[in-house]
Every structure is written in C-alpha cells, then in structure tokens.
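Below is the file my_file04.tsv, which contains TSV, C-alpha atoms.
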chain	number	residue	atom	x	y	z
X	1	MET	CA	27.76	-26.89	-50.69
X	2	SER	CA	23.96	-26.66	-50.78
X	3	ASN	CA	22.15	-23.36	-50.42
X	4	ILE	CA	19.55	-23.59	-47.61
X	5	TYR	CA	16.36	-21.54	-47.84
X	6	GLY	CA	13.44	-20.83	-45.53
X	7	VAL	CA	10.19	-21.17	-47.49
X	8	VAL	CA	6.55	-20.52	-46.54
X	9	PHE	CA	3.49	-21.66	-48.47
X	10	LYS	CA	1.30	-18.77	-47.31
X	11	ASP	CA	1.79	-15.42	-45.61
X	12	GLY	CA	2.49	-15.94	-41.92
X	13	GLY	CA	2.65	-19.69	-42.45
X	14	LYS	CA	5.03	-22.23	-40.97
X	15	LEU	CA	8.64	-22.03	-42.13
X	16	TYR	CA	10.11	-25.02	-43.96
X	17	TYR	CA	13.70	-25.65	-45.04
X	18	PHE	CA	14.62	-26.48	-48.61
X	19	LYS	CA	17.93	-26.71	-50.43
X	20	SER	CA	19.38	-26.23	-53.87
X	21	ASP	CA	22.85	-27.01	-55.19
X	22	ASP	CA	22.64	-24.99	-58.38
X	23	ILE	CA	19.81	-22.45	-58.00
X	24	PHE	CA	20.27	-19.16	-56.14
X	25	CYS	CA	16.94	-17.81	-54.91
X	26	PRO	CA	16.68	-14.16	-53.79
X	27	ILE	CA	14.50	-13.24	-50.81
X	28	ASN	CA	10.77	-12.97	-51.72
X	29	VAL	CA	11.13	-14.94	-54.95
X	30	THR	CA	8.49	-17.65	-55.45
X	31	VAL	CA	9.61	-21.22	-56.06
X	32	ILE	CA	8.36	-24.72	-56.78
X	33	VAL	CA	9.52	-27.19	-54.14
X	34	GLU	CA	9.38	-30.91	-53.60
X	35	THR	CA	7.50	-32.21	-50.51
X	36	GLU	CA	6.31	-35.60	-49.29
X	37	GLN	CA	2.76	-34.63	-50.33
X	38	GLY	CA	3.78	-33.52	-53.82
X	39	LEU	CA	4.88	-30.24	-55.34
X	40	GLN	CA	4.20	-26.94	-53.57
X	41	PHE	CA	4.27	-23.28	-54.56
X	42	GLY	CA	6.08	-21.23	-51.92
X	43	LYS	CA	8.00	-18.04	-51.23
X	44	VAL	CA	11.59	-17.72	-50.04
X	45	ILE	CA	11.82	-15.56	-46.92
X	46	ASN	CA	15.33	-16.28	-45.69
X	47	HIS	CA	18.74	-17.77	-46.45
X	48	TYR	CA	20.60	-20.07	-44.05
X	49	ARG	CA	24.02	-21.62	-43.69
X	50	PRO	CA	24.07	-25.38	-43.03
X	51	GLU	CA	25.51	-24.75	-39.55
X	52	ASP	CA	22.59	-22.42	-38.72
X	53	ILE	CA	19.97	-25.16	-38.69
X	54	GLU	CA	19.58	-28.30	-36.61
X	55	ILE	CA	18.20	-30.53	-39.36
X	56	ASP	CA	20.23	-33.14	-41.23
X	57	ILE	CA	20.98	-31.55	-44.63
X	58	GLU	CA	20.48	-34.90	-46.34
X	59	LYS	CA	16.84	-34.99	-45.19
X	60	ILE	CA	15.96	-31.58	-46.61
X	61	LYS	CA	13.90	-31.60	-49.82
X	62	ASN	CA	14.88	-29.71	-52.97
X	63	ILE	CA	13.83	-26.49	-54.62
X	64	LEU	CA	13.05	-27.58	-58.16
X	65	ARG	CA	12.91	-24.19	-59.84
X	66	ILE	CA	12.09	-20.54	-59.50
X	67	SER	CA	8.44	-20.21	-60.48
X	68	THR	CA	7.39	-19.05	-63.91
X	69	LYS	CA	4.41	-16.97	-65.01
X	70	LYS	CA	2.60	-20.20	-65.90
X	71	ASP	CA	3.35	-21.61	-62.42
X	72	TYR	CA	1.86	-18.49	-60.86
X	73	GLU	CA	-1.31	-18.84	-62.94
X	74	VAL	CA	-1.64	-22.46	-61.80
X	75	HIS	CA	-1.17	-21.31	-58.20
X	76	LEU	CA	-3.93	-18.70	-58.54
X	77	LYS	CA	-6.29	-21.31	-59.98
X	78	ASN	CA	-5.50	-23.65	-57.09
X	79	LEU	CA	-6.32	-20.90	-54.60
X	80	LYS	CA	-9.64	-20.23	-56.32
X	81	ASP	CA	-10.54	-23.93	-56.49
X	82	ALA	CA	-9.55	-24.44	-52.85
X	83	LYS	CA	-12.05	-21.76	-51.80
X	84	GLU	CA	-14.77	-23.51	-53.78
X	85	ALA	CA	-13.78	-26.84	-52.20
X	86	LEU	CA	-14.06	-25.25	-48.75
X	87	GLU	CA	-17.62	-24.08	-49.48
X	88	TYR	CA	-18.54	-27.51	-50.83
X	89	ALA	CA	-17.10	-29.19	-47.73
X	90	LYS	CA	-19.18	-26.89	-45.52
X	91	GLU	CA	-22.35	-27.83	-47.43
X	92	VAL	CA	-21.66	-31.57	-47.19
X	93	ASN	CA	-20.75	-31.20	-43.54
X	94	LYS	CA	-24.09	-29.50	-42.88
X	95	ASP	CA	-25.97	-32.27	-44.68
X	96	LEU	CA	-24.15	-34.97	-42.70
X	97	GLY	CA	-24.68	-33.13	-39.41
X	98	LEU	CA	-21.05	-33.38	-38.33
X	99	LYS	CA	-19.93	-31.18	-35.45
X	100	MET	CA	-16.90	-29.64	-37.07
X	101	SER	CA	-16.03	-26.15	-38.27
X	102	PHE	CA	-13.75	-25.64	-41.27
X	103	ILE	CA	-11.04	-22.99	-41.17
X	104	ASP	CA	-9.31	-23.16	-44.54
X	105	SER	CA	-8.41	-25.41	-47.44
X	106	SER	CA	-5.58	-25.74	-49.93
X	107	PHE	CA	-4.48	-27.78	-52.92
X	108	ASN	CA	-0.81	-28.53	-53.29
X	109	PHE	CA	0.70	-27.30	-56.56
X	110	ASP	CA	0.26	-30.52	-58.55
X	111	ARG	CA	-3.19	-31.12	-56.98
X	112	LYS	CA	-2.24	-34.52	-55.60
X	113	GLN	CA	-3.77	-33.54	-52.28
X	114	LEU	CA	-6.59	-31.36	-50.95
X	115	LEU	CA	-6.03	-30.35	-47.33
X	116	LEU	CA	-8.84	-29.01	-45.14
X	117	ASN	CA	-8.20	-27.79	-41.58
X	118	PHE	CA	-11.05	-27.89	-39.09
X	119	VAL	CA	-11.76	-27.48	-35.39
X	120	ALA	CA	-14.02	-29.70	-33.31
X	121	GLU	CA	-14.52	-30.29	-29.61
X	122	ASP	CA	-14.47	-34.08	-29.98
X	123	ARG	CA	-13.25	-36.70	-32.45
X	124	VAL	CA	-15.26	-36.69	-35.67
X	125	ASP	CA	-16.01	-39.60	-38.00
X	126	PHE	CA	-15.53	-37.77	-41.32
X	127	ARG	CA	-15.10	-40.81	-43.58
X	128	GLU	CA	-18.30	-40.16	-45.52
X	129	LEU	CA	-17.33	-36.50	-45.97
X	130	ALA	CA	-13.89	-37.54	-47.25
X	131	LYS	CA	-15.48	-39.94	-49.74
X	132	LYS	CA	-17.71	-37.24	-51.18
X	133	LEU	CA	-14.79	-34.80	-51.49
X	134	ALA	CA	-12.60	-37.42	-53.15
X	135	ALA	CA	-15.36	-38.33	-55.59
X	136	LYS	CA	-15.77	-34.70	-56.63
X	137	TYR	CA	-12.14	-33.56	-56.79
X	138	LYS	CA	-10.44	-36.86	-57.80
X	139	THR	CA	-7.51	-36.38	-55.44
X	140	ARG	CA	-6.29	-37.49	-52.03
X	141	ILE	CA	-8.19	-35.77	-49.21
X	142	GLU	CA	-6.63	-34.89	-45.88
X	143	LEU	CA	-8.86	-33.58	-43.10
X	144	ARG	CA	-6.74	-32.19	-40.27
X	145	GLN	CA	-8.14	-31.30	-36.86
X	146	VAL	CA	-6.33	-28.28	-35.40
X	147	GLY	CA	-6.47	-26.49	-32.06
X	148	ALA	CA	-7.75	-23.13	-30.89
X	149	ARG	CA	-4.37	-21.46	-31.44
X	150	ASP	CA	-4.24	-22.61	-35.05
X	151	LYS	CA	-7.77	-21.31	-35.58
X	152	ALA	CA	-6.82	-17.88	-34.22
X	153	LYS	CA	-3.77	-17.84	-36.50
X	154	GLU	CA	-5.96	-18.42	-39.57
X	155	VAL	CA	-8.94	-16.25	-38.60
X	156	LYS	CA	-6.72	-13.39	-37.30
X	157	GLY	CA	-7.83	-10.56	-35.05
X	158	ILE	CA	-6.72	-7.99	-32.47
X	159	GLY	CA	-5.23	-8.98	-29.12
X	160	ILE	CA	-5.81	-7.40	-25.71
X	161	CYS	CA	-2.73	-5.25	-26.37
X	162	GLY	CA	-4.53	-3.58	-29.27
X	163	ARG	CA	-2.18	-5.03	-31.90
X	164	GLU	CA	-2.67	-7.70	-34.54
X	165	LEU	CA	-2.37	-11.22	-33.12
X	166	CYS	CA	1.27	-12.33	-32.96
X	167	CYS	CA	0.38	-15.78	-34.28
X	168	SER	CA	-1.19	-14.35	-37.41
X	169	CYS	CA	1.42	-11.73	-38.30
X	170	PHE	CA	4.92	-12.99	-37.45
X	171	LEU	CA	5.06	-16.15	-35.32
X	172	ARG	CA	6.09	-19.09	-37.49
X	173	GLU	CA	6.02	-21.61	-34.65
X	174	ILE	CA	3.80	-21.58	-31.57
X	175	ASP	CA	5.86	-22.49	-28.50
X	176	SER	CA	4.65	-24.51	-25.55
X	177	ILE	CA	3.19	-22.13	-22.96
X	178	SER	CA	2.47	-22.98	-19.33
X	179	MET	CA	0.81	-21.39	-16.32
X	180	ASN	CA	4.22	-21.45	-14.61
X	181	MET	CA	5.33	-18.70	-17.02
X	182	ALA	CA	2.56	-16.41	-15.74
X	183	LYS	CA	3.48	-17.23	-12.14
X	184	ASN	CA	7.16	-16.66	-12.89
X	185	GLN	CA	6.33	-13.13	-14.09
X	186	ASN	CA	4.13	-12.34	-11.07
X	187	LEU	CA	1.06	-11.89	-13.26
X	188	ALA	CA	-2.43	-12.05	-11.82
X	189	LEU	CA	-3.81	-15.48	-12.67
X	190	ASN	CA	-6.96	-14.00	-14.15
X	191	PRO	CA	-8.03	-15.69	-17.42
X	192	ALA	CA	-9.22	-12.33	-18.77
X	193	LYS	CA	-5.67	-11.00	-18.37
X	194	ILE	CA	-3.47	-13.94	-19.37
X	195	ASN	CA	-5.59	-15.66	-22.05
X	196	GLY	CA	-5.66	-14.60	-25.69
X	197	VAL	CA	-8.66	-14.43	-28.03
X	198	CYS	CA	-8.18	-18.14	-28.69
X	199	GLY	CA	-8.97	-18.86	-25.04
X	200	ARG	CA	-5.47	-20.22	-24.43
X	201	LEU	CA	-2.54	-18.67	-22.57
X	202	LEU	CA	-1.02	-15.65	-24.34
X	203	CYS	CA	1.84	-16.48	-26.71
X	204	CYS	CA	3.68	-13.38	-25.46
X	205	LEU	CA	4.16	-15.01	-22.04
X	206	THR	CA	7.20	-16.70	-23.61
X	207	TYR	CA	8.85	-13.49	-24.80
X	208	GLU	CA	10.26	-12.29	-21.47
X	209	ASN	CA	10.10	-15.47	-19.44
X	210	ASP	CA	13.85	-16.17	-19.71
X	211	ASN	CA	14.62	-12.62	-18.55
X	212	TYR	CA	12.33	-13.01	-15.55
X	213	THR	CA	13.95	-16.35	-14.70
X	214	GLU	CA	17.39	-14.73	-14.81
X	215	CYS	CA	16.28	-11.73	-12.73
X	216	ARG	CA	14.68	-14.02	-10.13
X	217	LYS	CA	18.05	-15.49	-9.19
X	218	CYS	CA	18.89	-14.63	-5.56
X	219	LEU	CA	15.38	-13.24	-5.03
X	220	PRO	CA	13.08	-14.85	-2.43
X	221	ASN	CA	9.40	-15.57	-2.92
X	222	VAL	CA	6.56	-13.70	-1.25
X	223	GLY	CA	6.00	-15.22	2.18
X	224	ASP	CA	9.60	-16.39	2.66
X	225	LYS	CA	11.42	-15.61	5.90
X	226	VAL	CA	14.65	-13.70	5.18
X	227	LYS	CA	17.44	-12.51	7.44
X	228	HIS	CA	18.46	-8.87	6.93
X	229	ASP	CA	20.79	-6.86	9.19
X	230	ASP	CA	20.62	-9.64	11.78
X	231	LYS	CA	16.81	-9.46	11.86
X	232	ILE	CA	14.25	-11.85	10.40
X	233	GLY	CA	11.55	-10.44	8.18
X	234	GLU	CA	8.80	-11.74	5.91
X	235	VAL	CA	8.90	-11.00	2.19
X	236	ILE	CA	5.74	-9.08	1.29
X	237	SER	CA	6.50	-8.10	-2.34
X	238	VAL	CA	9.08	-8.75	-5.05
X	239	ASP	CA	10.12	-6.40	-7.88
X	240	ILE	CA	11.63	-8.97	-10.22
X	241	LEU	CA	12.98	-6.78	-13.02
X	242	ASN	CA	14.62	-4.33	-10.59
X	243	LYS	CA	15.84	-7.27	-8.48
X	244	LYS	CA	14.44	-5.80	-5.25
X	245	TYR	CA	12.06	-7.03	-2.59
X	246	LYS	CA	10.36	-5.66	0.52
X	247	LEU	CA	10.47	-7.16	4.00
X	248	ASN	CA	8.17	-6.69	6.95
X	249	ILE	CA	10.46	-6.64	9.99
X	250	ASP	CA	8.44	-6.22	13.18
X	251	GLY	CA	6.00	-3.90	11.41
X	252	GLU	CA	8.70	-1.91	9.63
X	253	ILE	CA	8.81	-2.12	5.81
X	254	VAL	CA	12.36	-2.45	4.49
X	255	GLU	CA	13.38	-2.52	0.80
X	256	VAL	CA	16.28	-4.83	-0.01
X	257	ASP	CA	18.44	-4.82	-3.15
X	258	GLY	CA	18.63	-8.44	-4.26
X	259	ARG	CA	21.75	-7.75	-6.31
X	260	ASN	CA	23.67	-7.12	-3.11
X	261	GLU	CA	22.47	-10.46	-1.77
X	262	CYS	CA	23.75	-12.17	-4.94
X	263	ARG	CA	27.17	-10.55	-4.53
X	264	LYS	CA	27.39	-11.75	-0.92
X	265	LYS	CA	26.80	-15.31	-2.10
File written out as structure tokens:
Amino acid sequence: MSNIYGVVFKDGGKLYYFKSDDIFCPINVTVIVETEQGLQFGKVINHYRPEDIEIDIEKIKNILRISTKKDYEVHLKNLKDAKEALEYAKEVNKDLGLKMSFIDSSFNFDRKQLLLNFVAEDRVDFRELAKKLAAKYKTRIELRQVGARDKAKEVKGIGICGRELCCSCFLREIDSISMNMAKNQNLALNPAKINGVCGRLLCCLTYENDNYTECRKCLPNVGDKVKHDDKIGEVISVDILNKKYKLNIDGEIVEVDGRNECRKK
C-alpha cells in the first residue's frame, strides 16, 4: 500500500498529494517530487491514508527521494535566481509599457520552467515579454494572472481583526465566498466591515457559516408575521446563535425561544 503525503512547495503554499511505495518521509522533511511541470523541491507537512483523500491514488505523482544537501543547495540557488528573474521581468515590463504587476517568481527544481505570477485589471498581451525571458533564461516561461486574493496571500499583511491574514499563514485553499454568507450571519453589508485587505469578501465568513445555517433552522426572518400565544406579531430582531427572536405584538415586545418552536414541529 502506498504512503500518501501532503507536500507544499513554499511556506503557506497550496497542498499537493504525493505517494511513495518504499520511502517513509517524516513530517517537515524536504523531498524531491515528480510533477507535470518537472521536478520540484517541497516539504512534507502531513501523512494521509488512501481513504482520507478523494483523489484516485493512481493519478497521484511520486516522491522520488528525500532531499540531499546537494539538492538543498540547488534549491537555494533556484530561489536566488528566481528573485533576479523577477527583477528582470519588472524591468522588461516597464520598457514594454504593459499594465501588469508581478507578485513572485519561481523555478522548478530542474529549471524546466520559470513561473511568474502577476495581477492585472485586464487581459495582457505578454508574448514579447515571454520571448525576452525565454531568450535570457533558456527555459519554458509561464506567466500566470492571479486574483486579488492570491496577491494578498503572497504580499501578506494584517487583517481588520488585528491578526496576520488567514490566507498567508494557514489557509491552503481559498473557498468560494458569497454575499449570502454575510446575510446569513446577520452582518451589516458594509464593505469596510465584510471585505478584507484584498478588497474581496473576508475568508473568515466561511468559518461559522454552517453553524449559523444550523442555528437558523426554525427561526423566522426579520419582518415575518409569526403567531405566538394565539396572537400575531412581527419579527423585529433575530438572535441566531441563541436561537431566539423578538416579536412586536400590538406594541408589546415579546422574546421567543426558537428552540421551543422547533420542538413543537
């Protein structure tokens, strides 16, 4: 049975699955892995059982070896050269007058590809830029346009909560986030309150959304007409987490325990 490992190529980066039939890799050990773009230098951050993941085991690439001192030296050189390539790309970009802003760059381990991530408001014709980069570094060039969330993840910063951005310190995947999540949690729909530094909806809106959805069961919405003690009242506020709501019944404010309503049903 194959050993399944979670591997990242940089701190806080996306998690990828790799396998090995004959190599046991402890947590935090660095490894050389096989990818579709060539070899990569990565770090093992978790172990998995085949039944723990939803990917076909046969499609998972292999860990080739635990890295050696020589591998680590190659990795350090690639990091240094990638920084130089990023500066060169910025210079060429300025000369060409392209409206794009580079975030980071990276060589894969065997230098078969140079990847540069950038942000831009519109589509950019970067063919001339790619030609100049390929001519200088003699490798395949990939220019990848990323969104505002990805930029925030790379640049890092402090959120409105006063803590380091979730996306840059522990989130491996950025979930789909919608305005309905803010509405579901009765949050004020004020961009200054529900948007992160990236200008998009806060990633943390997903953390408690399922709990709010569960607590909302049997609770009415503000403005609904509800019968209570044989009288009809209008819902004026809802306390979702405590499963309570307040009714205005002929000018009298009455608090109702929604859990009792659920039990009646």
With only C-alpha atoms as the counted atoms, please give the residues lying no more than 9 Å from X:Leu202, apart from itself and same-chain residues fewer than 6 positions off, as a PDB file with C-alpha atoms, in the coordinates of the input.
ATOM      1  CA  ILE X 177       3.190 -22.130 -22.960  1.00  0.00           C
ATOM      2  CA  LYS X 193      -5.670 -11.000 -18.370  1.00  0.00           C
ATOM      3  CA  ILE X 194      -3.470 -13.940 -19.370  1.00  0.00           C
ATOM      4  CA  ASN X 195      -5.590 -15.660 -22.050  1.00  0.00           C
ATOM      5  CA  GLY X 196      -5.660 -14.600 -25.690  1.00  0.00           C
TER       6      GLY X 196
END
(request) May I ask which of the residues X:Ala152, X:Leu165, X:Val7, X:Ile249 is the closest one to X:Gly199, counting all atoms listed in the file? (result) X:Ala152
(request) Excluding stretch 210-218 of chain X and any residue of its chain fewer than 5 positions from it, enumerate the residues within 8 Å of it, using all atoms listed in the file, and give them as a PyMOL selection string. (result) chain X and resi 184-185+240-243+258-259+261-262
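Compared by their closest atoms to X:Val238, and using all atoms listed in the file, the residues X:Ala188, X:Val155, X:Ala120, X:Val222 rank with X:Val222 nearest.
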(message) Give me, as a ChimeraX atom specification, all polymer residues having an atom no more than 12 Å from X:Gly97, counting all atoms listed in the file and skipping those fewer than 3 positions away in the same chain.
(response) /X:89-94,100-101,124-126,128-129
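For the set X:Val31, X:Leu201, X:Ala192, X:Leu114, the residue with the smallest atom-to-atom gap to X:Ala82 is X:Leu114, counting all atoms listed in the file.
Between atom CA of X:Phe18 and atom CA of X:Pro50 there is a distance of 11.0 Å.
For the pair atom CA of X:His228 and atom CA of X:Leu247, the interatomic distance is 8.7 Å.
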(message) Need to verify the contact set: X:Gly233, 10 Å, all atoms listed in the file, exclusion of same-chain residues closer than 2 positions in sequence. Can you return it as a PyMOL selection string?
(response) chain X and resi 223-231+235-236+246-254
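Nearest residue to X:Asp52 among X:Pro26, X:Gly147, X:Gly6, X:Gly159 is X:Gly6, counting all atoms listed in the file.
Take atom CA of X:Phe170 and atom CA of X:Lys153: the distance between them is 10.0 Å.
Take the candidates X:Asp71, X:Asp104, X:Asp122, X:Glu142 and check each one against X:Gln37 using only C-alpha atoms; the shortest distance goes to X:Glu142.
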Coordinates of box centre and edge lengths for stretch 129-145 of chain X, 4 Å on every side, axis-aligned, as AutoDock Vina command-line options:
--center_x -12.0 --center_y -35.6 --center_z -47.3 --size_x 19.4 --size_y 16.6 --size_z 28.9
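If you measure from each of X:Cys198, X:Phe41, X:Tyr48, X:Leu187 to X:Ser168 using only C-alpha atoms, the closest one turns out to be X:Cys198.
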